[in-house]
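Listing of run-v4.txt, compact mmCIF, C-alpha atoms and all ligand atoms
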# COMPACT_ATOMS: atom_id res chain seq x y z
CA MET A 120 -11.47 18.65 9.62
CA ILE A 121 -8.87 17.39 7.13
CA VAL A 122 -5.36 16.22 7.99
CA TYR A 123 -2.80 15.53 5.25
CA GLU A 124 0.33 13.45 5.81
CA GLU A 125 3.03 11.80 3.73
CA LEU A 126 4.73 8.55 4.63
CA ARG A 127 8.17 7.67 3.27
CA VAL A 128 8.91 3.98 2.89
CA LYS A 129 12.23 2.46 1.85
CA THR A 130 11.51 -0.87 0.18
CA PRO A 131 14.16 -3.61 0.65
CA LYS A 132 13.92 -5.56 -2.63
CA ARG A 133 12.41 -5.71 -6.12
CA GLU A 134 9.12 -7.33 -5.18
CA VAL A 135 7.64 -7.34 -1.72
CA LEU A 136 4.45 -6.53 0.18
CA LEU A 137 5.19 -4.37 3.22
CA ASP A 138 2.77 -4.06 6.10
CA ILE A 139 2.28 -0.32 6.77
CA THR A 140 -0.83 -0.71 8.98
CA SER A 141 0.87 0.54 12.15
CA ASN A 142 2.18 3.66 10.32
CA ILE A 143 -1.31 4.51 9.08
CA LYS A 144 -2.87 3.81 12.50
CA LYS A 145 -0.38 6.22 14.09
CA LEU A 146 -1.35 9.00 11.64
CA VAL A 147 -5.05 8.43 12.39
CA LYS A 148 -4.40 8.55 16.14
CA ASN A 149 -2.33 11.74 15.84
CA SER A 150 -5.03 13.40 13.70
CA GLY A 151 -7.45 13.31 16.62
CA ILE A 152 -10.29 12.48 14.21
CA ARG A 153 -12.89 10.24 15.85
CA GLU A 154 -15.34 9.55 13.01
CA GLY A 155 -14.44 9.73 9.34
CA VAL A 156 -12.41 8.19 6.58
CA CYS A 157 -8.73 7.65 5.83
CA HIS A 158 -7.71 7.91 2.16
CA VAL A 159 -4.43 6.27 1.21
CA PHE A 160 -2.83 6.97 -2.19
CA VAL A 161 0.43 5.73 -3.71
CA PRO A 162 1.85 8.17 -6.34
CA HIS A 163 3.88 5.60 -8.27
CA THR A 164 3.44 3.48 -11.40
CA THR A 165 5.37 0.44 -10.16
CA ALA A 166 4.18 0.34 -6.54
CA ALA A 167 0.64 -0.07 -5.27
CA ILE A 168 -1.54 -0.36 -2.18
CA THR A 169 -3.84 -3.16 -1.04
CA ILE A 170 -5.49 -4.75 1.97
CA ASN A 171 -4.91 -8.39 2.81
CA GLU A 172 -3.97 -10.75 5.64
CA ASN A 173 -1.12 -9.65 7.88
CA ALA A 174 -1.48 -12.32 10.57
CA ASP A 175 0.45 -14.92 8.56
CA PRO A 176 3.34 -13.36 6.55
CA ALA A 177 3.20 -16.38 4.21
CA VAL A 178 0.10 -14.83 2.59
CA MET A 179 2.04 -11.74 1.46
CA LYS A 180 4.85 -13.98 0.21
CA ASP A 181 2.38 -16.16 -1.74
CA ILE A 182 0.85 -13.11 -3.42
CA VAL A 183 4.28 -11.90 -4.59
CA THR A 184 5.27 -15.39 -5.76
CA TYR A 185 2.05 -15.97 -7.68
CA PHE A 186 2.17 -12.52 -9.31
CA LYS A 187 5.72 -13.32 -10.48
CA LYS A 188 4.46 -16.54 -12.11
CA LEU A 189 1.44 -14.79 -13.63
CA ILE A 190 3.40 -11.79 -14.98
CA PRO A 191 7.10 -12.66 -15.30
CA GLN A 192 9.79 -10.03 -15.80
CA VAL A 193 10.59 -11.04 -19.39
CA SER A 194 11.57 -9.26 -22.55
CA GLY A 195 9.01 -8.82 -25.29
CA PHE A 196 7.06 -5.95 -23.78
CA SER A 197 6.92 -2.70 -25.80
CA HIS A 198 8.00 -0.51 -22.84
CA MET A 199 11.81 -0.31 -23.09
CA GLU A 200 12.50 0.21 -19.38
CA GLY A 201 12.34 -3.53 -18.62
CA ASN A 202 9.76 -3.15 -15.89
CA SER A 203 6.46 -3.67 -17.71
CA ASP A 204 5.68 -6.55 -15.36
CA ALA A 205 5.81 -4.06 -12.46
CA HIS A 206 3.47 -1.63 -14.27
CA ILE A 207 0.94 -4.42 -14.94
CA LYS A 208 1.07 -5.70 -11.34
CA THR A 209 0.51 -2.12 -10.12
CA THR A 210 -2.59 -1.74 -12.26
CA LEU A 211 -3.97 -5.05 -10.99
CA THR A 212 -3.31 -4.11 -7.35
CA GLY A 213 -4.48 -0.47 -7.43
CA SER A 214 -3.19 2.94 -6.33
CA SER A 215 -5.58 3.94 -3.58
CA LEU A 216 -7.89 2.73 -0.86
CA ASP A 217 -10.23 4.10 1.79
CA VAL A 218 -10.64 2.81 5.32
CA LEU A 219 -13.34 4.00 7.71
CA ILE A 220 -12.51 5.54 11.07
CA HIS A 221 -14.80 4.84 14.01
CA ASP A 222 -14.18 5.73 17.66
CA GLY A 223 -10.79 7.14 16.67
CA LYS A 224 -9.64 3.85 15.14
CA LEU A 225 -9.21 2.44 11.65
CA ILE A 226 -11.90 -0.16 11.08
CA LEU A 227 -10.17 -3.22 9.64
CA GLY A 228 -11.16 -6.88 9.78
CA THR A 229 -9.39 -9.11 12.30
CA TRP A 230 -6.91 -10.44 9.75
CA GLN A 231 -6.62 -7.35 7.56
CA GLY A 232 -3.59 -5.13 7.16
CA ILE A 233 -2.68 -2.33 4.75
CA MET A 234 0.15 -3.35 2.42
CA LEU A 235 2.43 -1.27 0.26
CA ALA A 236 3.13 -3.44 -2.77
CA GLU A 237 6.59 -2.88 -4.25
CA TYR A 238 7.05 -4.33 -7.75
CA ASP A 239 10.23 -2.58 -8.92
CA GLY A 240 12.36 -1.90 -5.87
CA PRO A 241 14.39 -1.35 -3.92
CA ARG A 242 13.30 2.29 -3.95
CA ASN A 243 12.19 5.15 -1.74
CA ARG A 244 8.41 5.30 -1.96
CA LYS A 245 5.82 7.83 -0.85
CA VAL A 246 2.35 7.18 0.51
CA TYR A 247 -0.08 10.12 0.68
CA VAL A 248 -2.63 9.94 3.47
CA GLN A 249 -5.61 12.24 3.92
CA ILE A 250 -7.74 11.82 7.01
CA GLN A 251 -11.15 13.46 6.93
CA GLY A 252 -13.76 13.62 9.64
CA GLU A 253 -14.94 15.01 12.92
CA SER A 254 -12.78 15.57 15.95
CA PRO A 255 -14.31 16.43 19.31
ZN ZN B 1 8.63 1.59 -16.58

Could you take the file, read its structure, and then write that structure out as structure tokens?
Ligand code: ZN
Amino acid sequence: MIVYEELRVKTPKREVLLDITSNIKKLVKNSGIREGVCHVFVPHTTAAITINENADPAVMKDIVTYFKKLIPQVSGFSHMEGNSDAHIKTTLTGSSLDVLIHDGKLILGTWQGIMLAEYDGPRNRKVYVQIQGESP
């Protein structure tokens, strides 16, 4: 069985990591799939997806702050749109991930959450989710 869903996320500022774990968990629950895999894909070139700690929000803030230091939004890039820093951060973070489903639940580590990484917001973003597996 395969279930396809799209999430819409409105990001609040230029650079932020948003915890979308509960949204993804809800889709998995609604799919009725008990054993399988959940594919998550972000169809953007200045937003990305990653897994990291969601217990302490300071971790997400530190990632954004350090990425800003590492790849500042400066002139001098060839791309004329002024958002090359966001494109580079997106490539470093990645556009997709897979999480296993067991017993009807996403299998994440205790401290792990699924984060939508916005690097050129605020914008309306899409997250494509495909849940594959067996349902009773
Ligand atoms: Zn661009």

*asked:* List the spatial neighbours of Val156 in chain A as a ChimeraX atom specification - criterion: any atom at most 12 Å away, all atoms listed in the file, same-chain residues fewer than 6 positions off excluded.
replied: /A:120-122,143,147,150,216-226,248-254

*CA of Met234 in chain A to CA of Tyr123 in chain A, straight-line distance in Å*: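 These two atoms are separated by 19.3 Å.
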
*Show me which residues sit within 6 Å of ligand ZN 1 (chain B) when counting only C-alpha atoms and all ligand atoms, and put them as a PyMOL selection string.*
chain A and resi 200+202-203

*asked:* Neighbouring residues of Thr169 in chain A were defined as those with any atom within 9 Å, considering only C-alpha atoms; residues of the same chain fewer than 2 positions away were excluded. Please report them as a list in words.
replied: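 The filter keeps Ala167, Asn171, Thr212, Gly213, Ser214, Ser215, Leu216, Gly232, Ile233, Met234, Leu235 and Ala236 of chain A.
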
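Relative to CA of Asp239 in chain A, CA of Ser194 in chain A is found at 15.2 Å.
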
*Could you check which of A:Asn142, A:Pro255, A:Lys208, A:Trp230 is closest to Thr184 in chain A, using only C-alpha atoms?*
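The closest residue to Thr184 in chain A is A:Lys208.
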
*Between CA of Arg244 in chain A and CA of Arg133 in chain A, what is the spacing in Å?*
12.4 Å

Edge lengths and centre in Å, axis-aligned, range 201-212 of chain A plus 3 Å each side, as AutoDock Vina command-line options:
--center_x 4.2 --center_y -4.1 --center_z -13.0 --size_x 22.3 --size_y 10.9 --size_z 17.3

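Between Glu134 in chain A and the candidates A:His198, A:Lys187, A:Lys245, A:His163, the tightest atom-to-atom separation, counting all atoms listed in the file, involves A:Lys187.
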
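Among the candidates A:His206, A:Glu154, A:Thr140, A:Val246, the one nearest to Ile190 in chain A when counting all atoms listed in the file is A:His206.
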
*Residue nearest His158 in chain A among A:Glu124, A:Pro191, A:Phe186, A:Met179 (counting all atoms listed in the file)*: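 For His158 in chain A, the nearest of the given residues is A:Glu124.
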
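Point (10.9, -10.4, 1.1) has the following residues at most 12 Å away: A:Thr130, A:Pro131, A:Lys132, A:Arg133, A:Glu134, A:Val135, A:Leu136, A:Leu137, A:Asp138, A:Pro176, A:Ala177, A:Val178, A:Met179, A:Lys180, A:Asp181, A:Ile182, A:Val183, A:Thr184, A:Ala236, A:Glu237, A:Tyr238, A:Gly240, A:Pro241 (atoms considered: all atoms listed in the file).
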
Just C-alpha atoms for this one: save the residues we selected as a PDB file, in the coordinates of the input.
ATOM      1  CA  THR A 130      11.510  -0.870   0.180  1.00  0.00           C
ATOM      2  CA  PRO A 131      14.160  -3.610   0.650  1.00  0.00           C
ATOM      3  CA  LYS A 132      13.920  -5.560  -2.630  1.00  0.00           C
ATOM      4  CA  ARG A 133      12.410  -5.710  -6.120  1.00  0.00           C
ATOM      5  CA  GLU A 134       9.120  -7.330  -5.180  1.00  0.00           C
ATOM      6  CA  VAL A 135       7.640  -7.340  -1.720  1.00  0.00           C
ATOM      7  CA  LEU A 136       4.450  -6.530   0.180  1.00  0.00           C
ATOM      8  CA  LEU A 137       5.190  -4.370   3.220  1.00  0.00           C
ATOM      9  CA  ASP A 138       2.770  -4.060   6.100  1.00  0.00           C
ATOM     10  CA  PRO A 176       3.340 -13.360   6.550  1.00  0.00           C
ATOM     11  CA  ALA A 177       3.200 -16.380   4.210  1.00  0.00           C
ATOM     12  CA  VAL A 178       0.100 -14.830   2.590  1.00  0.00           C
ATOM     13  CA  MET A 179       2.040 -11.740   1.460  1.00  0.00           C
ATOM     14  CA  LYS A 180       4.850 -13.980   0.210  1.00  0.00           C
ATOM     15  CA  ASP A 181       2.380 -16.160  -1.740  1.00  0.00           C
ATOM     16  CA  ILE A 182       0.850 -13.110  -3.420  1.00  0.00           C
ATOM     17  CA  VAL A 183       4.280 -11.900  -4.590  1.00  0.00           C
ATOM     18  CA  THR A 184       5.270 -15.390  -5.760  1.00  0.00           C
ATOM     19  CA  ALA A 236       3.130  -3.440  -2.770  1.00  0.00           C
ATOM     20  CA  GLU A 237       6.590  -2.880  -4.250  1.00  0.00           C
ATOM     21  CA  TYR A 238       7.050  -4.330  -7.750  1.00  0.00           C
ATOM     22  CA  GLY A 240      12.360  -1.900  -5.870  1.00  0.00           C
ATOM     23  CA  PRO A 241      14.390  -1.350  -3.920  1.00  0.00           C
TER      24      PRO A 241
END

*Using only C-alpha atoms, pick whichever of A:Ala174, A:Leu146, A:Leu189, A:Ala166 has the shortest atom-to-atom distance to Asn243 in chain A.*
A:Ala166

*With all atoms listed in the file as the atoms that count, which of A:Lys148, A:Ser197, A:Ser141, A:Val159 lies nearest to Gln231 in chain A?*
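Checking each of A:Lys148, A:Ser197, A:Ser141, A:Val159 against Gln231 in chain A, counting all atoms listed in the file, the winner is A:Ser141.
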
Quick one: range 174-196 of chain A with N, CA and C atoms, as a JSON list (two decimals), in the coordinates of the input?
[["chain", "number", "residue", "atom", "x", "y", "z"],
["A", 174, "ALA", "N", -1.72, -11.43, 9.43],
["A", 174, "ALA", "CA", -1.48, -12.32, 10.57],
["A", 174, "ALA", "C", -0.41, -13.36, 10.21],
["A", 175, "ASP", "N", -0.53, -13.94, 9.03],
["A", 175, "ASP", "CA", 0.45, -14.92, 8.56],
["A", 175, "ASP", "C", 1.24, -14.30, 7.39],
["A", 176, "PRO", "N", 2.53, -13.99, 7.60],
["A", 176, "PRO", "CA", 3.34, -13.36, 6.55],
["A", 176, "PRO", "C", 3.45, -14.20, 5.28],
["A", 177, "ALA", "N", 3.15, -15.51, 5.38],
["A", 177, "ALA", "CA", 3.20, -16.38, 4.21],
["A", 177, "ALA", "C", 2.20, -15.93, 3.15],
["A", 178, "VAL", "N", 1.10, -15.30, 3.56],
["A", 178, "VAL", "CA", 0.10, -14.83, 2.59],
["A", 178, "VAL", "C", 0.71, -13.77, 1.68],
["A", 179, "MET", "N", 1.41, -12.81, 2.26],
["A", 179, "MET", "CA", 2.04, -11.74, 1.46],
["A", 179, "MET", "C", 3.09, -12.33, 0.52],
["A", 180, "LYS", "N", 3.83, -13.32, 1.02],
["A", 180, "LYS", "CA", 4.85, -13.98, 0.21],
["A", 180, "LYS", "C", 4.20, -14.73, -0.97],
["A", 181, "ASP", "N", 3.09, -15.42, -0.69],
["A", 181, "ASP", "CA", 2.38, -16.16, -1.74],
["A", 181, "ASP", "C", 1.86, -15.23, -2.83],
["A", 182, "ILE", "N", 1.37, -14.06, -2.43],
["A", 182, "ILE", "CA", 0.85, -13.11, -3.42],
["A", 182, "ILE", "C", 1.97, -12.67, -4.36],
["A", 183, "VAL", "N", 3.12, -12.33, -3.78],
["A", 183, "VAL", "CA", 4.28, -11.90, -4.59],
["A", 183, "VAL", "C", 4.73, -13.03, -5.52],
["A", 184, "THR", "N", 4.82, -14.24, -4.98],
["A", 184, "THR", "CA", 5.27, -15.39, -5.76],
["A", 184, "THR", "C", 4.31, -15.70, -6.91],
["A", 185, "TYR", "N", 3.01, -15.64, -6.63],
["A", 185, "TYR", "CA", 2.05, -15.97, -7.68],
["A", 185, "TYR", "C", 2.01, -14.89, -8.75],
["A", 186, "PHE", "N", 2.12, -13.62, -8.33],
["A", 186, "PHE", "CA", 2.17, -12.52, -9.31],
["A", 186, "PHE", "C", 3.39, -12.67, -10.23],
["A", 187, "LYS", "N", 4.51, -13.11, -9.67],
["A", 187, "LYS", "CA", 5.72, -13.32, -10.48],
["A", 187, "LYS", "C", 5.48, -14.39, -11.54],
["A", 188, "LYS", "N", 4.77, -15.46, -11.16],
["A", 188, "LYS", "CA", 4.46, -16.54, -12.11],
["A", 188, "LYS", "C", 3.50, -16.05, -13.18],
["A", 189, "LEU", "N", 2.50, -15.28, -12.74],
["A", 189, "LEU", "CA", 1.44, -14.79, -13.63],
["A", 189, "LEU", "C", 1.99, -13.78, -14.63],
["A", 190, "ILE", "N", 2.86, -12.87, -14.14],
["A", 190, "ILE", "CA", 3.40, -11.79, -14.98],
["A", 190, "ILE", "C", 4.92, -11.75, -14.79],
["A", 191, "PRO", "N", 5.64, -12.61, -15.49],
["A", 191, "PRO", "CA", 7.10, -12.66, -15.30],
["A", 191, "PRO", "C", 7.80, -11.43, -15.88],
["A", 192, "GLN", "N", 8.97, -11.15, -15.32],
["A", 192, "GLN", "CA", 9.79, -10.03, -15.80],
["A", 192, "GLN", "C", 10.59, -10.54, -17.00],
["A", 193, "VAL", "N", 9.95, -10.51, -18.18],
["A", 193, "VAL", "CA", 10.59, -11.04, -19.39],
["A", 193, "VAL", "C", 10.72, -9.93, -20.42],
["A", 194, "SER", "N", 11.50, -10.21, -21.45],
["A", 194, "SER", "CA", 11.57, -9.26, -22.55],
["A", 194, "SER", "C", 10.36, -9.51, -23.45],
["A", 195, "GLY", "N", 10.14, -8.63, -24.40],
["A", 195, "GLY", "CA", 9.01, -8.82, -25.29],
["A", 195, "GLY", "C", 7.92, -7.80, -25.08],
["A", 196, "PHE", "N", 8.00, -7.05, -23.98],
["A", 196, "PHE", "CA", 7.06, -5.95, -23.78],
["A", 196, "PHE", "C", 7.51, -4.76, -24.63]]
